[in-house]
There are 6 protein chains.
Amino acid sequence: MWNRISDAFMACDAEYRDARVVLFGAPFDGTASFRPGARFAPRAIRGDSHGLETWSPYWERDLASCAVFDGGDLELPFGNPQAALALIEGYVSSRLRDGKTPFMLGGEHLVTLGAVRACAKVYPGLRVLHLDAHADLRDEYLGEKLSHATVMRRVWELVGDGGLFQFGIRSGEAREFAFAGDHTVLHPFDLGGIADIAEALAGHPVYVSLDLDVLDPSVCPGTGTPEPGGVSFRDLQEALAAMHMLRVVGCDVTELSPPCDPSGISVAAACKIVREMLIAICEKQ
Amino acid sequence: MWNRISDAFMACDAEYRDARVVLFGAPFDGTASFRPGARFAPRAIRGDSHGLETWSPYWERDLASCAVFDGGDLELPFGNPQAALALIEGYVSSRLRDGKTPFMLGGEHLVTLGAVRACAKVYPGLRVLHLDAHADLRDEYLGEKLSHATVMRRVWELVGDGGLFQFGIRSGEAREFAFAGDHTVLHPFDLGGIADIAEALAGHPVYVSLDLDVLDPSVCPGTGTPEPGGVSFRDLQEALAAMHMLRVVGCDVTELSPPCDPSGISVAAACKIVREMLIAICEKQ
Amino acid sequence: MWNRISDAFMACDAEYRDARVVLFGAPFDGTASFRPGARFAPRAIRGDSHGLETWSPYWERDLASCAVFDGGDLELPFGNPQAALALIEGYVSSRLRDGKTPFMLGGEHLVTLGAVRACAKVYPGLRVLHLDAHADLRDEYLGEKLSHATVMRRVWELVGDGGLFQFGIRSGEAREFAFAGDHTVLHPFDLGGIADIAEALAGHPVYVSLDLDVLDPSVCPGTGTPEPGGVSFRDLQEALAAMHMLRVVGCDVTELSPPCDPSGISVAAACKIVREMLIAICEKQ
Amino acid sequence: MWNRISDAFMACDAEYRDARVVLFGAPFDGTASFRPGARFAPRAIRGDSHGLETWSPYWERDLASCAVFDGGDLELPFGNPQAALALIEGYVSSRLRDGKTPFMLGGEHLVTLGAVRACAKVYPGLRVLHLDAHADLRDEYLGEKLSHATVMRRVWELVGDGGLFQFGIRSGEAREFAFAGDHTVLHPFDLGGIADIAEALAGHPVYVSLDLDVLDPSVCPGTGTPEPGGVSFRDLQEALAAMHMLRVVGCDVTELSPPCDPSGISVAAACKIVREMLIAICEKQ
Amino acid sequence: MWNRISDAFMACDAEYRDARVVLFGAPFDGTASFRPGARFAPRAIRGDSHGLETWSPYWERDLASCAVFDGGDLELPFGNPQAALALIEGYVSSRLRDGKTPFMLGGEHLVTLGAVRACAKVYPGLRVLHLDAHADLRDEYLGEKLSHATVMRRVWELVGDGGLFQFGIRSGEAREFAFAGDHTVLHPFDLGGIADIAEALAGHPVYVSLDLDVLDPSVCPGTGTPEPGGVSFRDLQEALAAMHMLRVVGCDVTELSPPCDPSGISVAAACKIVREMLIAICEKQ
Amino acid sequence: MWNRISDAFMACDAEYRDARVVLFGAPFDGTASFRPGARFAPRAIRGDSHGLETWSPYWERDLASCAVFDGGDLELPFGNPQAALALIEGYVSSRLRDGKTPFMLGGEHLVTLGAVRACAKVYPGLRVLHLDAHADLRDEYLGEKLSHATVMRRVWELVGDGGLFQFGIRSGEAREFAFAGDHTVLHPFDLGGIADIAEALAGHPVYVSLDLDVLDPSVCPGTGTPEPGGVSFRDLQEALAAMHMLRVVGCDVTELSPPCDPSGISVAAACKIVREMLIAICEKQ
């Protein structure tokens with residue numbers, strides 16, 4: 001009772017040295033062009049996680065038996081994407097050096113670039129599995145190279161042709177789809193075939209990046225750029241089950257915008273996905 | 001025009017002595033642990049019911065031709081679950097004595113216990129059909145025996161092994177699922193097989209308890225503890241159609257939380273479900 | 001940079017003389033009986049359209065290559081439906097005279113009557129394709145002949161038996177369904193069979209009227225009278241694809257109510273539907 | 001306990017024959033040009049009234065000792081202001097014939113015209129005391145004679161020069177202020193001098209019309225056209241105290257728009273004002 | 001950077017042994033009769049406190065120089081007021097034994113009773129300074145002795161005639177005001193004379209209980225029962241300045257309801273008040 | 001009727017060459033640290049302006065008689081404050097070269113720096129009149145020199161000691177107040193003495209920067225960092241009246257955050273203030 005207040009994600013109370021996975025927040029939304037608010041996601045996810053159970057009837061396993069450390073949030077400068085990415089890269093590099101699997105709560109999607117930079121240095125041949133409504137493959141957006149709309153183009157520059165696998169994509173410029181045709185593996189509209197890809201990636205180090213707007217806006221209205229016609233919660237959950245086949249060396253959940261979620265169901269969806277992903281990663285290990 | 005103002009559920013204007021079904025509200029949410037607000041449900045359901053038609057194109061029957069009396073709301077003490085349950089039990093017992101079928105609008109799920117206590121006394125061999133996202137089978141919650149999280153454990157104590165049929169369950173502690181394995185009939189995740197169960201229950205007196213969070217949060221965001229991955233409105237509607245095979249001696253619709261429903265679609269869903277259930281019960285009789 | 005501010009729907013920047021389609025708003029909701037607010041729809045749709053891409057990966061075509069002129073909003077008198085309809089009819093008649101296809105953004109559903117009046121005069125044998133949750137076939141509503149609840153009865157009076165095709169209908173009075181049985185082609189509950197109808201209508205001039213509440217409230221909560229149990233976004237999108245088979249001489253999207261859309265997903269759905277319909281019409285021509 | 005549900009304004013439970021005041025709702029907002037929603041005001045005021053006490057520590061008197069009958073709401077046709085005003089006038093005329101004082105809950109401000117028409121016929125020399133942010137003195141609005149923006153011009157046509165006293169006015173066209181200079185008594189910006197006017201009106205029959213937007217938007221945000229710079233709740237309460245000097249033959253409270261009141265404080269303000277006005281009227285009699 | 005996540009009130013980072021004041025949350029709202037939600041107050045206050053500065057330009061002193069320990073929240077059983085009060089009393093008693101000044105963040109107003117019970121045992125002759133819109137002096141509410149509406153009656157039973165000083169009261173039953181006339185010092189409507197009382201109390205141990213609804217609803221809309229006509233933020237701030245004259249042995253801030261605060265200004269007001277009160281208490285010591 | 005859609009601020013329809021004042025939007029909020037959303041302010045202000053009258057009963061003058069051109073919004077890169085400021089400075093410089101008075105709608109407060117840079121180059125001896133709740137005098141914020149929290153420090157670097165006059169300041173670090181004591185004229189808490197300062201500045205070129213959070217949060221809840229204890233709308237309006245004594249060469253209204261303004265009263269306040277300021281500037285000229 002004399003302990004300081006703690007507001008970690010439910011059941012993520014392992015000591016750092018014992019933890020296999022390190023959860024942390026990257027509350028940055030400085031390049032969001034439509035509806036900002038992803039900065040509030042880590043706090044909202046942690047807070048509402050306590051409305052869920054730690055037991056997953058899908059995996060029949062309990063998050064409480066997984067060794068996860070919640071490292072809190074990075075303090076990132078608004079208005080300076082370069083500096084923010086450098087801080088993220090530094091934090092993830094340190095975690096990797098300590099043998100931990102980093103699990104990042106965005107923030108907007110650009111934060112993925114910081115984490116992938118760190119992972120790509122440590123893991124040559126890194127593959128990136130990308131679930132999203134948007135291709136995010138522009139070369140520039142409003143004249144800027146670093147943006148939520150360009151992040152996967154920057155990631156591709158790191159992992160090269162054949163390194164980036166995109167699912168659920170249902171929005172982009174014509175040029176982005178053309179670029180994907182030449183350089184990435186892009187499955188449009190839904191998550192079909194993800195199990196096959198997961199099988200094919202077995203053995204490779206994989207970074208999983210989940211932009212929550214891959215879900216239909218009815219399921220997850222609280223995102224920066226809702227795009228109608230997405231996948232259901234069960235579609236996503238089944239796709240995530242494929243993660244247990246993968247050698248996940250890092251992952252993230254991004255683009256939750258709590259101010260755009262007046263009913264709270266988007267935060268609830270994010271909490272449950274984080275729980276399922278944490279269990280999937282620990283299950284594997 | 002000189003009549004007093006009345007705000008009954010649409011078309012529920014039968015005289016008490018003529019009515020077959022008595023609708024009433026139990027606006028209690030005193031043990032809600034996450035998001036309170038179910039106390040406002042009866043008023044919201046009655047008010048928005050007038051935005052619906054009385055005709056059901058599904059049943060091809062009109063609610064106006066059913067004999068339903070709207071008894072208004074019980075006045076229940078906040079902060080005293082025992083007293084609240086006693087008042088509910090007393091009200092339902094009186095309705096049963098008069099040969100009516102009680103239809104309760106919660107309130108949180110704990111209110112079900114009061115109604116089942118009354119029904120179980122009158123109808124030996126009572127079966128309970130329970131649709132919910134949560135198992136509600138804990139023995140205690142925060143040290144309390146009476147809670148929305150323990151209500152089906154208390155109900156089981158009344159109806160015994162084989163008396164409780166649970167559908168759509170996708171959340172609970174490991175111990176709850178283990179308990180269900182030993183003592184209840186629990187169908188997880190969806191409503192599959194409910195028609196078979198309904199057939200098997202033919203002839204038995206049945207109490208139907210519907211926690212609205214069995215629906216996916218996209219369909220019914222306005223509940224106390226939204227749990228992603230639920231059933232669609234059509235899934236539920238088809239399941240409720242099975243009610244016409246049952247001998248329903250009491251029922252309830254619980255856990256609607258209007259303050260968590262900024263767009264109003266949860267209240268609309270509740271209204272339509274109440275209409276369909278009322279017609280199903282009257283259809284049977 | 002010295003240009004006046006403009007807030008047209010994205011990419012609808014053709015000169016009037018070059019345009020094939022003329023988009024315009026009819027911000028009238030004077031007979032809305034439950035939740036008003038459709039008057040705000042045109043402004044909301046234009047504003048949020050810029051959060052979408054102009055490229056449609058479904059059609060693999062870009063809205064920017066379609067010649068659409070955005071004519072802004074009509075100034076319609078609140079409280080005088082007759083006058084509002086006359087203004088709409090006059091505006092549409094002028095557009096038809098100039099050889100344009102009018103695309104109207106409601107407003108409540110009554111505005112459709114003004115546009116159909118104009119089209120029916122120019123195009124004998126006009127067929128009306130009507131997607132909606134509600135039959136809208138009452139003869140009177142609260143004593144009024146002109147109402148969102150009577151609009152399709154008035155339309156039927158113009159196009160006669162066999163001229164009105166209704167899909168997705170899941171709400172109405174018993175008399176409306178009976179009337180439909182005698183006078184219209186009504187497919188209840190979903191959009192099944194719409195492709196067959198579209199094929200059968202090939203060659204006929206067709207007016208397409210889309211009431212957004214045909215969508216499930218989870219997809220489009222922001223409507224005046226949400227009716228649970230509707231179609232998914234993908235269902236609707238596939239149905240709209242049938243439009244490329246039709247000779248569309250006019251169309252509308254109605255009943256979006258932004259004040260009932262706190263998360264913004266309904267506006268997003270409307271924007272995407274307008275984009276897809278605009279491309280479908282231009283595709284055809 | 002077997003009584004039908006009733007949702008009257010708190011403590012307004014007198015029998016009709018015994019009542020001195022008849023409260024009723026006129027849920028019409030068909031000419032609202034900016035933000036509709038006043039149609040929901042009567043229901044919201046009645047519902048939230050139960051969150052208040054019946055005792056007024058200002059008057060040191062209890063509403064429960066006043067004889068008020070709550071007649072419920074009129075059913076008014078949307079989209080037809082003439083018909084709506086005729087129904088209101090008819091209802092008020094009947095109440096006056098029975099010797100009651102009508103107390104109308106709007107609805108938009110246009111509803112006042114129906115009530116004043118009835119009162120002016122019964123009470124020659126009627127004075128109207130008008131508290132509002134807006135002058136409402138236009139001759140036409142968007143081509144219509146009947147509008148919330150023209151209502152006081154229409155009232156002036158009934159009561160003539162010197163019959164209309166306006167307080168708190170801080171918005172209008174230049175022509176409206178010029179008209180007021182010639183034909184009404186208009187006190188701009190605040191409620192100063194209202195006690196003197198009240199004294200001067202002693203003995204005359206007076207109709208009091210309160211548009212809630214006379215209050216500052218911080219106090220009452222939930223109105224159709226919020227106008228910054230208004231009076232405080234205490235200013236208004238003190239002004240209403242002057243009512244006990246008046247011979248009030250009818251009154252109204254209008255322009256509350258619950259959908260624009262997400263925090264509920266506007267409804268709370270309306271409830272308290274209605275309580276205080278009811279007590280003031282009964283105090284007098 | 002390897003530290004666990006902490007979400008204490010800003011600058012409240014003293015070690016327990018060094019702290020003079022212990023802040024803690026009592027997230028209980030089980031007897032709230034109108035609008036629940038006070039359970040979310042401690043979390044909201046802590047979170048938004050970081051949007052404020054630690055420096056007070058009013059006191060010209062920095063919260064960072066005060067020794068405050070944030071003990072987090074008590075885990076209180078919903079639905080059992082007796083147990084909740086016992087836990088609060090126990091926690092406060094322990095803090096008092098350690099020589100700390102307890103500062104409780106409610107929760108509904110009933111939680112005050114637990115803290116006063118503990119203080120009254122340690123400090124004979126305890127005075128209670130009570131700022132509130134409501135008298136809270138009922139003997140029972142809905143048949144219950146323990147309620148937010150009876151809490152000050154229970155407090156009076158502990159401190160006796162002349163021990164309870166009430167300010168800002170503008171709501172209650174006639175009997176409550178009569179009771180106050182006989183047994184408490186009650187100043188209605190505003191905070192006038194509080195400095196004189198504070199001076200008179202110099203030397204006595206004082207418990208300060210602040211129900212935030214003493215503020216006008218325009219300033220603090222997010223409370224369970226908003227009561228128009230309250231004091232301004234500056235009025236309250238000046239009144240709190242009187243605290244530096246008092247020997248405060250315990251205090252609380254209650255009845256903030258974040259779900260009723262969509263704009264966030266009520267939480268902001270609470271944060272600033274807590275900062276000012278903490279500095280006032282430390283200033284004194 | 002064939003005109004393209006236009007959504008200018010009401011009555012700001014002068015031709016560019018005839019205009020004295022050029023209104024434009026700077027929708028940038030990239031460094032907002034607490035609640036983003038100011039990017040949406042220009043669009044919201046223009047849209048809701050049409051709910052106001054063009055006539056000011058305070059000035060007894062009509063905005064329609066002022067020659068104002070609405071230049072629309074700048075397209076500013078998110079995530080790059082330097083580039084955004086350069087674009088703003090360039091636009092303002094061009095307007096000044098053409099002899100226009102620029103009137104900027106923010107955006108967050110940092111945008112002021114771009115405009116002041118342009119003005120300071122053209123007008124040596126420029127004075128800046130700054131109304132705000134926050135001093136904004138930090139040298140760095142989260143390691144960044146360019147931030148909403150440092151903007152007035154940067155402005156001071158341009159105008160020097162004695163060039164910056166700050167009113168209403170009620171929040172800041174101790175160091176900021178100390179800095180102000182040495183280098184600026186800072187009047188804390190309210191707007192007292194502003195008329196005297198205005199008189200003293202007569203003849204000097206003055207830039208007026210209004211951060212809307214100088215208003216009390218009850219009046220303007222929709223800001224990024226609400227700070228309780230601010231001035232009333234009337235206080236601000238009277239202070240702005242002093243503008244007619246000034247030689248205003250540029251001005252701005254910043255920090256309106258529409259997503260934090262669920263009731264719309266903050267946008268309404270901003271609209272009215274813009275109207276009054278436009279008239280004040282034109283009045284002078």
# chains A, B, ... in the order shown; residues from 1 in each chain; ligands from 1
call {"tool": "select_by_dssp", "arguments": {"residues": "range 87-274 of chain C", "states": "strand (DSSP E)", "output": "PyMOL selection string"}}
result
chain C and resi 101-106+127-131+164-169+185-188+205-211+247-254
call {"tool": "interface_residues", "arguments": {"of": "chain E", "to": "chain F", "cutoff": "10 Å", "atoms": "only C-alpha atoms", "output": "PyMOL selection string"}}
result
chain E and resi 48+50-58+60-62+216-221+232-237+261-273
call {"tool": "atom_distance", "arguments": {"atom1": "CA of Arg117 in chain F", "atom2": "CA of Trp156 in chain F"}}
result
10.9 Å
call {"tool": "residues_around", "arguments": {"residues": "Ser147 in chain D", "least_positions_apart": "3", "cutoff": "8 Å", "atoms": "only C-alpha atoms", "output": "list in words"}}
result
Gly79 of chain C; Thr31, Ala32, Leu110, Glu140, Tyr141, Glu144, Thr150 and Val151 of chain D
call {"tool": "atom_distance", "arguments": {"atom1": "CA of Pro102 in chain B", "atom2": "CA of Leu215 in chain B"}}
result
23.2 Å
call {"tool": "residues_around", "arguments": {"residues": "Val208 in chain B", "least_positions_apart": "2", "cutoff": "6 Å", "atoms": "only C-alpha atoms", "output": "VMD selection string"}}
result
chain B and resid 128 to 129 251
call {"tool": "write_last_selection", "arguments": {"atoms": "N, CA, C and O atoms", "output": "tab-separated table (two decimals), in the first residue's frame"}}
result
chain	number	residue	atom	x	y	z
B	128	VAL	N	-31.91	-21.50	-17.49
B	128	VAL	CA	-31.53	-20.12	-17.81
B	128	VAL	C	-30.69	-20.11	-19.07
B	128	VAL	O	-29.67	-20.80	-19.16
B	129	LEU	N	-31.15	-19.33	-20.04
B	129	LEU	CA	-30.42	-19.15	-21.29
B	129	LEU	C	-29.71	-17.80	-21.21
B	129	LEU	O	-30.37	-16.76	-21.08
B	251	CYS	N	-37.64	-12.72	-18.70
B	251	CYS	CA	-36.44	-12.40	-19.49
B	251	CYS	C	-35.96	-11.00	-19.15
B	251	CYS	O	-36.65	-10.23	-18.47
call {"tool": "select_by_dssp", "arguments": {"residues": "range 24-268 of chain E", "states": "alpha helix (DSSP H)", "output": "PyMOL selection string"}}
result
chain E and resi 41-49+81-97+111-122+151-159+174-183+194-200+233-241+265-268
call {"tool": "residues_around", "arguments": {"residues": "Phe28 in chain C", "least_positions_apart": "3", "cutoff": "9 Å", "atoms": "only C-alpha atoms", "output": "ChimeraX atom specification"}}
result
/C:31,37-40,75-78,81,84,106-108,110-111
call {"tool": "write_last_selection", "arguments": {"atoms": "N, CA and C atoms", "output": "PDB file, in the first residue's frame"}}
result
ATOM      1  N   THR C  31     -38.218  18.218 -42.423  1.00  0.00           N
ATOM      2  CA  THR C  31     -39.270  17.280 -42.002  1.00  0.00           C
ATOM      3  C   THR C  31     -38.711  16.112 -41.200  1.00  0.00           C
ATOM      4  N   GLY C  37     -30.218  17.201 -38.584  1.00  0.00           N
ATOM      5  CA  GLY C  37     -28.788  17.421 -38.759  1.00  0.00           C
ATOM      6  C   GLY C  37     -28.297  17.161 -40.171  1.00  0.00           C
ATOM      7  N   ALA C  38     -29.152  16.602 -41.044  1.00  0.00           N
ATOM      8  CA  ALA C  38     -28.719  16.309 -42.409  1.00  0.00           C
ATOM      9  C   ALA C  38     -28.357  17.583 -43.156  1.00  0.00           C
ATOM     10  N   ARG C  39     -28.821  18.732 -42.680  1.00  0.00           N
ATOM     11  CA  ARG C  39     -28.458  20.000 -43.320  1.00  0.00           C
ATOM     12  C   ARG C  39     -26.949  20.233 -43.327  1.00  0.00           C
ATOM     13  N   PHE C  40     -26.257  19.626 -42.368  1.00  0.00           N
ATOM     14  CA  PHE C  40     -24.818  19.849 -42.266  1.00  0.00           C
ATOM     15  C   PHE C  40     -24.008  18.888 -43.153  1.00  0.00           C
ATOM     16  N   GLU C  75     -29.524  27.504 -51.434  1.00  0.00           N
ATOM     17  CA  GLU C  75     -30.006  28.139 -50.200  1.00  0.00           C
ATOM     18  C   GLU C  75     -31.492  27.852 -50.096  1.00  0.00           C
ATOM     19  N   LEU C  76     -31.853  26.995 -49.180  1.00  0.00           N
ATOM     20  CA  LEU C  76     -33.219  26.487 -49.100  1.00  0.00           C
ATOM     21  C   LEU C  76     -33.902  27.001 -47.842  1.00  0.00           C
ATOM     22  N   PRO C  77     -35.174  27.378 -47.947  1.00  0.00           N
ATOM     23  CA  PRO C  77     -35.873  27.914 -46.777  1.00  0.00           C
ATOM     24  C   PRO C  77     -36.253  26.811 -45.800  1.00  0.00           C
ATOM     25  N   PHE C  78     -35.845  26.961 -44.534  1.00  0.00           N
ATOM     26  CA  PHE C  78     -36.295  26.017 -43.515  1.00  0.00           C
ATOM     27  C   PHE C  78     -37.773  26.269 -43.269  1.00  0.00           C
ATOM     28  N   PRO C  81     -41.235  23.068 -47.059  1.00  0.00           N
ATOM     29  CA  PRO C  81     -40.808  21.985 -47.961  1.00  0.00           C
ATOM     30  C   PRO C  81     -41.188  22.244 -49.419  1.00  0.00           C
ATOM     31  N   ALA C  84     -38.710  24.546 -50.935  1.00  0.00           N
ATOM     32  CA  ALA C  84     -37.407  23.892 -51.059  1.00  0.00           C
ATOM     33  C   ALA C  84     -37.392  22.940 -52.254  1.00  0.00           C
ATOM     34  N   GLY C 106     -27.767  15.312 -50.103  1.00  0.00           N
ATOM     35  CA  GLY C 106     -28.776  15.780 -49.152  1.00  0.00           C
ATOM     36  C   GLY C 106     -28.073  16.192 -47.893  1.00  0.00           C
ATOM     37  N   GLY C 107     -28.778  16.730 -47.001  1.00  0.00           N
ATOM     38  CA  GLY C 107     -30.165  16.808 -46.772  1.00  0.00           C
ATOM     39  C   GLY C 107     -30.840  15.473 -46.464  1.00  0.00           C
ATOM     40  N   GLU C 108     -32.077  15.669 -45.977  1.00  0.00           N
ATOM     41  CA  GLU C 108     -32.935  14.534 -45.667  1.00  0.00           C
ATOM     42  C   GLU C 108     -33.434  13.926 -46.971  1.00  0.00           C
ATOM     43  N   LEU C 110     -36.347  13.679 -48.306  1.00  0.00           N
ATOM     44  CA  LEU C 110     -37.382  14.368 -49.079  1.00  0.00           C
ATOM     45  C   LEU C 110     -36.802  15.108 -50.283  1.00  0.00           C
ATOM     46  N   VAL C 111     -35.571  15.559 -50.192  1.00  0.00           N
ATOM     47  CA  VAL C 111     -34.991  16.334 -51.302  1.00  0.00           C
ATOM     48  C   VAL C 111     -34.976  15.536 -52.602  1.00  0.00           C
TER      49      VAL C 111
END
call {"tool": "residues_around", "arguments": {"residues": "Ala86 in chain D", "least_positions_apart": "4", "cutoff": "8 Å", "atoms": "only C-alpha atoms", "output": "JSON, numbers by chain"}}
result
{"D": [82, 90, 114]}
